[in-house]
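Structure file final-v3.cif (mmCIF, C-alpha atoms) is printed below.
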data_input
#
loop_
_atom_site.label_atom_id
_atom_site.label_comp_id
_atom_site.auth_asym_id
_atom_site.auth_seq_id
_atom_site.Cartn_x
_atom_site.Cartn_y
_atom_site.Cartn_z
CA MET A 30 -48.91 -139.52 94.64
CA ASN A 31 -45.58 -138.16 93.42
CA GLN A 32 -42.79 -140.17 95.06
CA ARG A 33 -40.14 -137.49 94.52
CA ILE A 34 -39.69 -134.12 96.17
CA VAL A 35 -39.98 -131.29 93.65
CA VAL A 36 -38.09 -128.05 94.29
CA PHE A 37 -37.95 -124.75 92.42
CA THR A 38 -35.22 -122.31 93.35
CA ASP A 39 -34.06 -118.92 92.11
CA GLY A 40 -31.86 -115.97 93.01
CA SER A 41 -31.80 -112.31 92.08
CA SER A 42 -29.73 -109.19 92.66
CA LYS A 43 -30.34 -105.55 91.80
CA GLY A 44 -26.85 -104.69 90.74
CA ASN A 45 -23.95 -107.12 90.73
CA PRO A 46 -23.15 -106.56 93.56
CA GLY A 47 -26.28 -105.03 95.01
CA PRO A 48 -29.26 -105.96 97.18
CA GLY A 49 -30.38 -109.50 96.45
CA GLY A 50 -32.87 -112.19 97.28
CA TRP A 51 -33.53 -115.89 96.87
CA GLY A 52 -36.71 -117.95 96.66
CA VAL A 53 -37.63 -121.62 97.02
CA ILE A 54 -40.74 -123.77 96.55
CA ILE A 55 -40.74 -127.29 98.01
CA ILE A 56 -43.47 -129.79 97.10
CA THR A 57 -43.30 -132.96 99.18
CA PRO A 58 -44.70 -136.40 98.30
CA ASP A 59 -47.64 -135.89 100.67
CA SER A 60 -48.76 -132.89 98.53
CA GLN A 61 -47.63 -130.18 100.93
CA VAL A 62 -46.09 -126.95 99.68
CA ARG A 63 -43.60 -124.78 101.51
CA GLU A 64 -42.15 -121.50 100.28
CA LEU A 65 -38.87 -120.08 101.57
CA GLY A 66 -37.07 -116.84 100.86
CA GLY A 67 -34.49 -114.42 102.14
CA GLY A 68 -32.24 -111.58 101.14
CA ASP A 69 -28.88 -109.87 101.51
CA ALA A 70 -28.17 -106.15 101.44
CA ARG A 71 -25.08 -106.53 99.24
CA THR A 72 -24.56 -109.63 97.17
CA THR A 73 -24.45 -111.00 93.62
CA ASN A 74 -26.85 -112.92 91.45
CA ASN A 75 -24.67 -116.04 91.56
CA ARG A 76 -24.47 -115.98 95.35
CA MET A 77 -28.25 -115.76 95.60
CA GLU A 78 -28.69 -118.62 93.10
CA LEU A 79 -26.37 -120.77 95.21
CA THR A 80 -28.05 -119.73 98.46
CA GLY A 81 -31.46 -120.74 97.13
CA ALA A 82 -30.22 -124.22 96.26
CA ILE A 83 -28.45 -124.56 99.63
CA GLU A 84 -31.49 -123.49 101.65
CA ALA A 85 -33.73 -125.86 99.69
CA LEU A 86 -31.46 -128.81 100.43
CA ARG A 87 -31.25 -127.86 104.10
CA ALA A 88 -35.04 -127.68 104.31
CA VAL A 89 -35.57 -131.23 102.98
CA ARG A 90 -32.93 -133.02 105.05
CA ALA A 91 -35.63 -134.89 107.01
CA TRP A 92 -37.04 -136.37 103.79
CA SER A 93 -35.39 -139.44 102.25
CA GLU A 94 -37.21 -139.38 98.90
CA PRO A 95 -35.30 -138.54 95.71
CA LEU A 96 -35.19 -134.88 94.80
CA ASP A 97 -35.84 -132.97 91.57
CA ILE A 98 -34.44 -129.42 91.62
CA TYR A 99 -35.55 -126.93 88.94
CA THR A 100 -33.44 -123.80 88.46
CA ASP A 101 -32.73 -121.34 85.65
CA SER A 102 -29.08 -121.01 86.73
CA THR A 103 -26.63 -122.83 84.45
CA TYR A 104 -23.95 -121.62 86.89
CA VAL A 105 -25.39 -123.74 89.70
CA ILE A 106 -26.09 -126.84 87.61
CA GLN A 107 -22.80 -126.95 85.74
CA GLY A 108 -20.87 -125.98 88.86
CA ILE A 109 -22.22 -128.83 91.02
CA ARG A 110 -22.27 -131.40 88.22
CA GLU A 111 -18.97 -130.66 86.51
CA TRP A 112 -16.75 -127.77 87.57
CA ILE A 113 -16.55 -128.54 91.27
CA HIS A 114 -14.56 -131.74 90.76
CA GLY A 115 -11.74 -129.89 89.05
CA TRP A 116 -11.84 -127.10 91.60
CA LYS A 117 -11.37 -129.59 94.42
CA ARG A 118 -8.51 -131.38 92.65
CA ARG A 119 -6.74 -128.07 92.17
CA GLY A 120 -7.24 -126.94 95.76
CA TRP A 121 -10.15 -124.65 94.93
CA LYS A 122 -8.40 -123.01 92.03
CA THR A 123 -9.87 -122.41 88.59
CA ALA A 124 -8.29 -123.85 85.46
CA THR A 125 -6.44 -120.54 85.01
CA GLY A 126 -5.10 -120.57 88.58
CA GLY A 127 -7.46 -118.05 90.17
CA ASP A 128 -9.40 -118.53 93.38
CA VAL A 129 -12.86 -120.02 92.94
CA LEU A 130 -15.47 -117.39 93.66
CA ASN A 131 -18.11 -118.16 96.31
CA ARG A 132 -16.05 -121.07 97.61
CA GLU A 133 -17.84 -121.28 100.96
CA LEU A 134 -21.20 -121.59 99.22
CA TRP A 135 -19.93 -124.23 96.83
CA GLU A 136 -18.52 -126.20 99.77
CA ALA A 137 -21.88 -126.00 101.57
CA LEU A 138 -23.74 -127.14 98.45
CA SER A 139 -21.26 -129.95 97.89
CA ASP A 140 -21.64 -131.19 101.48
CA LEU A 141 -25.44 -131.19 101.24
CA THR A 142 -25.52 -133.06 97.93
CA ALA A 143 -22.96 -135.59 99.18
CA ALA A 144 -25.00 -136.20 102.34
CA ARG A 145 -28.10 -136.90 100.31
CA GLY A 146 -26.29 -138.93 97.69
CA PRO A 147 -25.75 -137.52 94.20
CA ARG A 148 -27.92 -140.25 92.63
CA ASN A 149 -30.86 -139.05 94.73
CA ILE A 150 -30.76 -135.54 93.22
CA ARG A 151 -31.71 -134.64 89.66
CA TRP A 152 -30.89 -131.12 88.51
CA HIS A 153 -33.20 -129.61 85.87
CA TYR A 154 -32.58 -126.46 83.87
CA VAL A 155 -35.65 -124.26 83.40
CA ARG A 156 -35.54 -121.36 80.96
CA GLY A 157 -36.43 -118.17 82.80
CA HIS A 158 -39.44 -116.05 81.91
CA VAL A 159 -41.09 -118.59 79.61
CA GLY A 160 -44.16 -119.20 81.76
CA THR A 161 -43.15 -122.18 83.92
CA PRO A 162 -45.37 -121.52 86.98
CA GLY A 163 -42.95 -122.69 89.68
CA ASN A 164 -40.03 -120.80 88.18
CA GLU A 165 -42.09 -117.63 87.80
CA ARG A 166 -43.17 -117.84 91.44
CA VAL A 167 -39.66 -118.27 92.89
CA ASP A 168 -38.49 -115.44 90.65
CA ARG A 169 -41.12 -113.19 92.25
CA ILE A 170 -40.16 -114.35 95.74
CA ALA A 171 -36.46 -113.64 95.10
CA ASP A 172 -37.24 -110.29 93.50
CA GLY A 173 -39.43 -109.31 96.45
CA PHE A 174 -36.62 -109.88 98.93
CA ALA A 175 -34.12 -108.12 96.66
CA THR A 176 -36.33 -105.01 96.58
CA ALA A 177 -37.21 -105.09 100.30
CA ASN A 178 -40.82 -105.86 99.41
CA PRO A 179 -41.10 -109.57 100.29
CA LEU A 180 -44.14 -111.60 99.32
CA PRO A 181 -46.10 -113.52 101.95
CA LEU A 182 -44.71 -117.07 101.91
CA TYR A 183 -47.12 -119.98 101.66
CA GLU A 184 -47.03 -123.19 103.68
CA GLY A 185 -49.85 -125.70 103.45
CA PRO A 186 -51.63 -128.21 101.23
CA MET A 187 -51.09 -128.07 97.48
CA ALA A 188 -54.87 -128.06 96.98
CA ALA A 189 -55.01 -124.55 98.47
CA TYR A 190 -51.79 -123.24 96.94
CA PRO A 191 -52.48 -120.10 94.87
CA VAL A 192 -50.15 -121.29 92.07
CA ALA A 193 -52.64 -123.93 90.97
CA ASP A 194 -50.53 -125.37 88.14
CA VAL A 195 -47.21 -125.41 89.99
CA MET A 196 -46.63 -129.03 88.94
CA ARG A 197 -46.76 -128.13 85.25
CA LEU A 198 -43.15 -128.93 84.45
CA PRO A 199 -41.22 -128.34 81.22
CA ASP A 200 -40.47 -131.34 78.99
CA ASP A 201 -36.95 -130.20 78.08
CA THR A 202 -34.76 -129.45 81.09
CA ALA A 203 -31.34 -130.01 79.53
CA VAL A 204 -28.72 -127.31 80.02
CA PRO A 205 -28.32 -125.40 76.72
CA PRO A 206 -25.24 -126.46 74.74
CA ARG A 207 -22.25 -124.20 74.75
CA SER A 208 -21.83 -122.18 71.60
CA GLY A 209 -18.71 -122.16 69.48
CA ASN A 210 -17.10 -119.28 71.39
CA GLY A 211 -17.41 -121.01 74.75
CA SER A 212 -20.40 -119.08 76.04
CA ASN A 213 -23.74 -120.56 76.92
CA GLY A 214 -26.24 -120.45 74.08
CA ARG A 215 -29.94 -119.99 74.68
CA SER A 216 -31.72 -121.45 71.70
CA SER A 217 -29.19 -122.91 69.27
CA SER A 218 -25.65 -124.27 69.11
CA ALA A 219 -24.55 -121.67 66.54
CA ALA A 220 -21.60 -119.52 67.59
CA ALA A 221 -22.62 -116.22 69.14
CA TYR A 222 -21.67 -112.92 67.54
CA SER A 223 -23.12 -111.08 70.54
CA TYR A 224 -25.81 -111.23 73.19
CA LEU A 225 -28.37 -108.44 73.29
CA SER A 226 -30.50 -107.22 76.18
CA VAL A 227 -33.04 -104.49 76.79
CA VAL A 228 -33.79 -103.41 80.36
CA ASP A 229 -36.06 -100.46 81.11
CA GLY A 230 -35.93 -99.55 77.42
CA GLN A 231 -32.11 -99.38 77.34
CA PRO A 232 -30.36 -101.77 74.90
CA MET A 233 -26.95 -103.26 75.56
CA ARG A 234 -24.56 -105.59 73.74
CA HIS A 235 -22.74 -108.31 75.73
CA ARG A 236 -19.73 -110.46 74.88
CA THR A 237 -20.92 -113.51 76.85
CA TRP A 238 -24.24 -115.01 77.86
CA ALA A 239 -23.21 -114.78 81.53
CA GLU A 240 -22.97 -110.98 81.25
CA CYS A 241 -26.34 -110.79 79.50
CA GLU A 242 -27.99 -113.12 82.03
CA ALA A 243 -26.69 -111.10 84.96
CA ARG A 244 -28.27 -107.95 83.49
CA VAL A 245 -31.72 -109.34 82.74
CA LYS A 246 -32.08 -111.70 85.69
CA GLY A 247 -35.08 -110.74 87.79
CA ARG A 248 -35.85 -107.63 85.73
CA SER A 249 -39.51 -107.40 84.79
CA GLY A 250 -40.08 -106.90 81.07
CA ALA A 251 -36.44 -107.53 80.14
CA ARG A 252 -35.72 -108.84 76.66
CA TYR A 253 -32.65 -110.78 75.53
CA LYS A 254 -31.42 -112.80 72.58
CA LYS A 255 -28.29 -114.25 71.03
CA ALA A 256 -27.18 -112.84 67.68
CA THR A 257 -25.13 -115.03 65.33
CA SER A 258 -23.88 -112.27 63.01
CA ALA A 259 -23.84 -108.50 62.58
CA ALA A 260 -26.82 -108.76 60.25
CA ASP A 261 -28.69 -110.94 62.75
CA GLU A 262 -27.93 -108.44 65.52
CA ALA A 263 -29.31 -105.57 63.46
CA ALA A 264 -32.43 -107.55 62.60
CA ILE A 265 -33.08 -108.40 66.24
CA LEU A 266 -32.73 -104.78 67.30
CA ARG A 267 -35.02 -103.56 64.54
CA GLY A 268 -37.55 -106.19 65.62
CA TRP A 269 -37.44 -104.58 69.04
CA ASN A 270 -37.94 -101.13 67.43
CA ILE A 271 -34.39 -100.13 68.33
CA ASP A 272 -32.03 -98.40 65.93
CA PRO A 273 -28.89 -100.61 65.62
CA GLY A 274 -26.84 -97.43 65.40
CA THR A 275 -27.60 -96.63 69.04
CA LEU A 276 -25.37 -99.43 70.31
#
Structure translated into structure tokens:
Amino acid sequence: MNQRIVVFTDGSSKGNPGPGGWGVIIITPDSQVRELGGGDARTTNNRMELTGAIEALRAVRAWSEPLDIYTDSTYVIQGIREWIHGWKRRGWKTATGGDVLNRELWEALSDLTAARGPRNIRWHYVRGHVGTPGNERVDRIADGFATANPLPLYEGPMAAYPVADVMRLPDDTAVPPRSGNGSNGRSSSAAAYSYLSVVDGQPMRHRTWAECEARVKGRSGARYKKATSAADEAAILRGWNIDPGTL
């Protein structure tokens, strides 16, 4: 029997801001599965990512076992592991003096992690849309609430759970290293020239990974990749059957 609680969580928004949703899967040590989800008529992707993590922690407060949380949000993981300490020291100001966005959600997440004990929570980064069953399922739950077409939520024994391989977990759950220009890389530590995305057949160039991630998050069939040079960018676009001159 697994002696840790395993959680998958995700958030999505259709527009930033726009209608959004969040999804959670909780697998307890007694092999029970519970799905949670909800939505907001006007929100952002980051708020939904935070809400998913908060609702998961609220739902497991009665359990004392250590917790493994799997999310594809570097914003949530780096925020709760690293950035929040500086924000608190500066009176909830960023390093450049601005107000921290989503402060009330960060405070709620901080309180919940502190109550559980930070050593009893392990945060795992899961790359989105690479076939991890639990991550794919919470993505669909979040997307369903964001589009006002929520999925039926399961609660019951893992033996009857329709996602039969939900405990197939990725080996590498480290947060991707930051690239040379200060943006999050996806597959290498090389400095990014640009980030490319295609949604509904429409290509777009982005300056940072955060901008690219916000566009593709929760979008079925979206494609995205980091380019390390102008030549690399052109090659990626041609590989997607897109004329580089259209950007």
Exercise for review: May I have the residues within 12 Å of A:Pro95 as a list in words, using only C-alpha atoms and disregarding those fewer than 2 positions away in the same chain?
Suggested key: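 So, after excluding close chain neighbours, the residues are Asn31, Gln32, Arg33, Ile34, Val35, Val36, Thr57, Pro58, Leu86, Val89, Arg90, Ala91, Trp92, Ser93, Asp97, Ile98, Thr142, Arg145, Gly146, Pro147, Arg148, Asn149, Ile150, Arg151 and Trp152 of chain A.
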Practice item. List the residues sitting within 10 Å of (-47.8, -126.7, 87.8) in the file's frame, using all atoms listed in the file, as a PyMOL selection string. Key: chain A and resi 161-164+192-199
**Study point:** Picked residues, the PyMOL selection byres ((chain A and resi 256-260) around 7), expected as number ranges by chain
**Key:** A: 219-224, 254-255, 261-264
Check what the PyMOL selection byres ((chain A and resi 118-133) around 12) selects in the file above and give those residues as a compact mmCIF listing (two decimals) with C-alpha atoms, in the coordinates of the input.
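Final file, selection01.txt:
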# COMPACT_ATOMS: atom_id res chain seq x y z
CA THR A 72 -24.56 -109.63 97.17
CA THR A 73 -24.45 -111.00 93.62
CA ASN A 74 -26.85 -112.92 91.45
CA ASN A 75 -24.67 -116.04 91.56
CA ARG A 76 -24.47 -115.98 95.35
CA MET A 77 -28.25 -115.76 95.60
CA GLU A 78 -28.69 -118.62 93.10
CA LEU A 79 -26.37 -120.77 95.21
CA THR A 80 -28.05 -119.73 98.46
CA ILE A 83 -28.45 -124.56 99.63
CA TYR A 104 -23.95 -121.62 86.89
CA VAL A 105 -25.39 -123.74 89.70
CA GLY A 108 -20.87 -125.98 88.86
CA ILE A 109 -22.22 -128.83 91.02
CA TRP A 112 -16.75 -127.77 87.57
CA ILE A 113 -16.55 -128.54 91.27
CA HIS A 114 -14.56 -131.74 90.76
CA GLY A 115 -11.74 -129.89 89.05
CA TRP A 116 -11.84 -127.10 91.60
CA LYS A 117 -11.37 -129.59 94.42
CA LEU A 134 -21.20 -121.59 99.22
CA TRP A 135 -19.93 -124.23 96.83
CA GLU A 136 -18.52 -126.20 99.77
CA ALA A 137 -21.88 -126.00 101.57
CA LEU A 138 -23.74 -127.14 98.45
CA SER A 139 -21.26 -129.95 97.89
CA ASP A 140 -21.64 -131.19 101.48
Point to revise | Among the residues A:Ile271, A:Ala85, A:Cys241, A:Ala70, the one that comes closest to A:Pro46 [using only C-alpha atoms] | key: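 Closest to A:Pro46, using only C-alpha atoms: A:Ala70.
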Exercise for review: Would you kindly return, as a list in words, each protein, DNA or RNA residue with an atom no farther than 6 Å from any atom of A:Ser41, considering only C-alpha atoms and excluding same-chain residues fewer than 2 positions away?
Suggested key: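 My list of contacting residues is Gly49, Gly50, Asn74, Ala171, Asp172 and Gly247 of chain A.
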Exercise for review: Name the residues in contact with A:Pro232 at a cut-off of 10 Å, using only C-alpha atoms, excluding same-chain residues fewer than 3 positions from it; report them as a ChimeraX atom specification.
Suggested key: /A:225-229,251-253,266,269,271-273,275-276
Study note, to complete from the structure: Pairwise distance, atom CA of A:Glu242 with atom CA of A:Trp51, equals 16.1 Å
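Within a radius of 12 Å around (-45.5, -112.9, 99.9), the polymer residues are Gly52, Glu64, Leu65, Gly66, Gly67, Arg166, Val167, Asp168, Arg169, Ile170, Ala171, Asp172, Gly173, Phe174, Ala177, Asn178, Pro179, Leu180, Pro181, Leu182, Tyr183, Glu184 and Pro191 of chain A, counting all atoms listed in the file.
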Revision key, fill the gap. Restricting to all atoms listed in the file, whichever of A:Thr202, A:Ser249, A:Gln231, A:Thr176 is closest to A:Gly68 is A:Thr176
Check your understanding: Quick one, how far is atom CA of A:Arg234 from atom CA of A:Gly268?
Key -> 15.3 Å
Study note, to complete from the structure: What separates atom CA of A:Ala239 and atom CA of A:Thr38 is a distance of 18.5 Å
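Across A:Met187, A:Phe37, A:Val245, A:Ala82, the tightest approach to A:Leu141 is made by A:Ala82 when counting all atoms listed in the file.
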Exercise for review: Would you please work out which residue, of A:Gly230, A:Ala175, A:Gly44, A:Glu111, is nearest to A:Asp69 when using all atoms listed in the file?
Suggested key: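 So, comparing all the options, the nearest one is A:Ala175.
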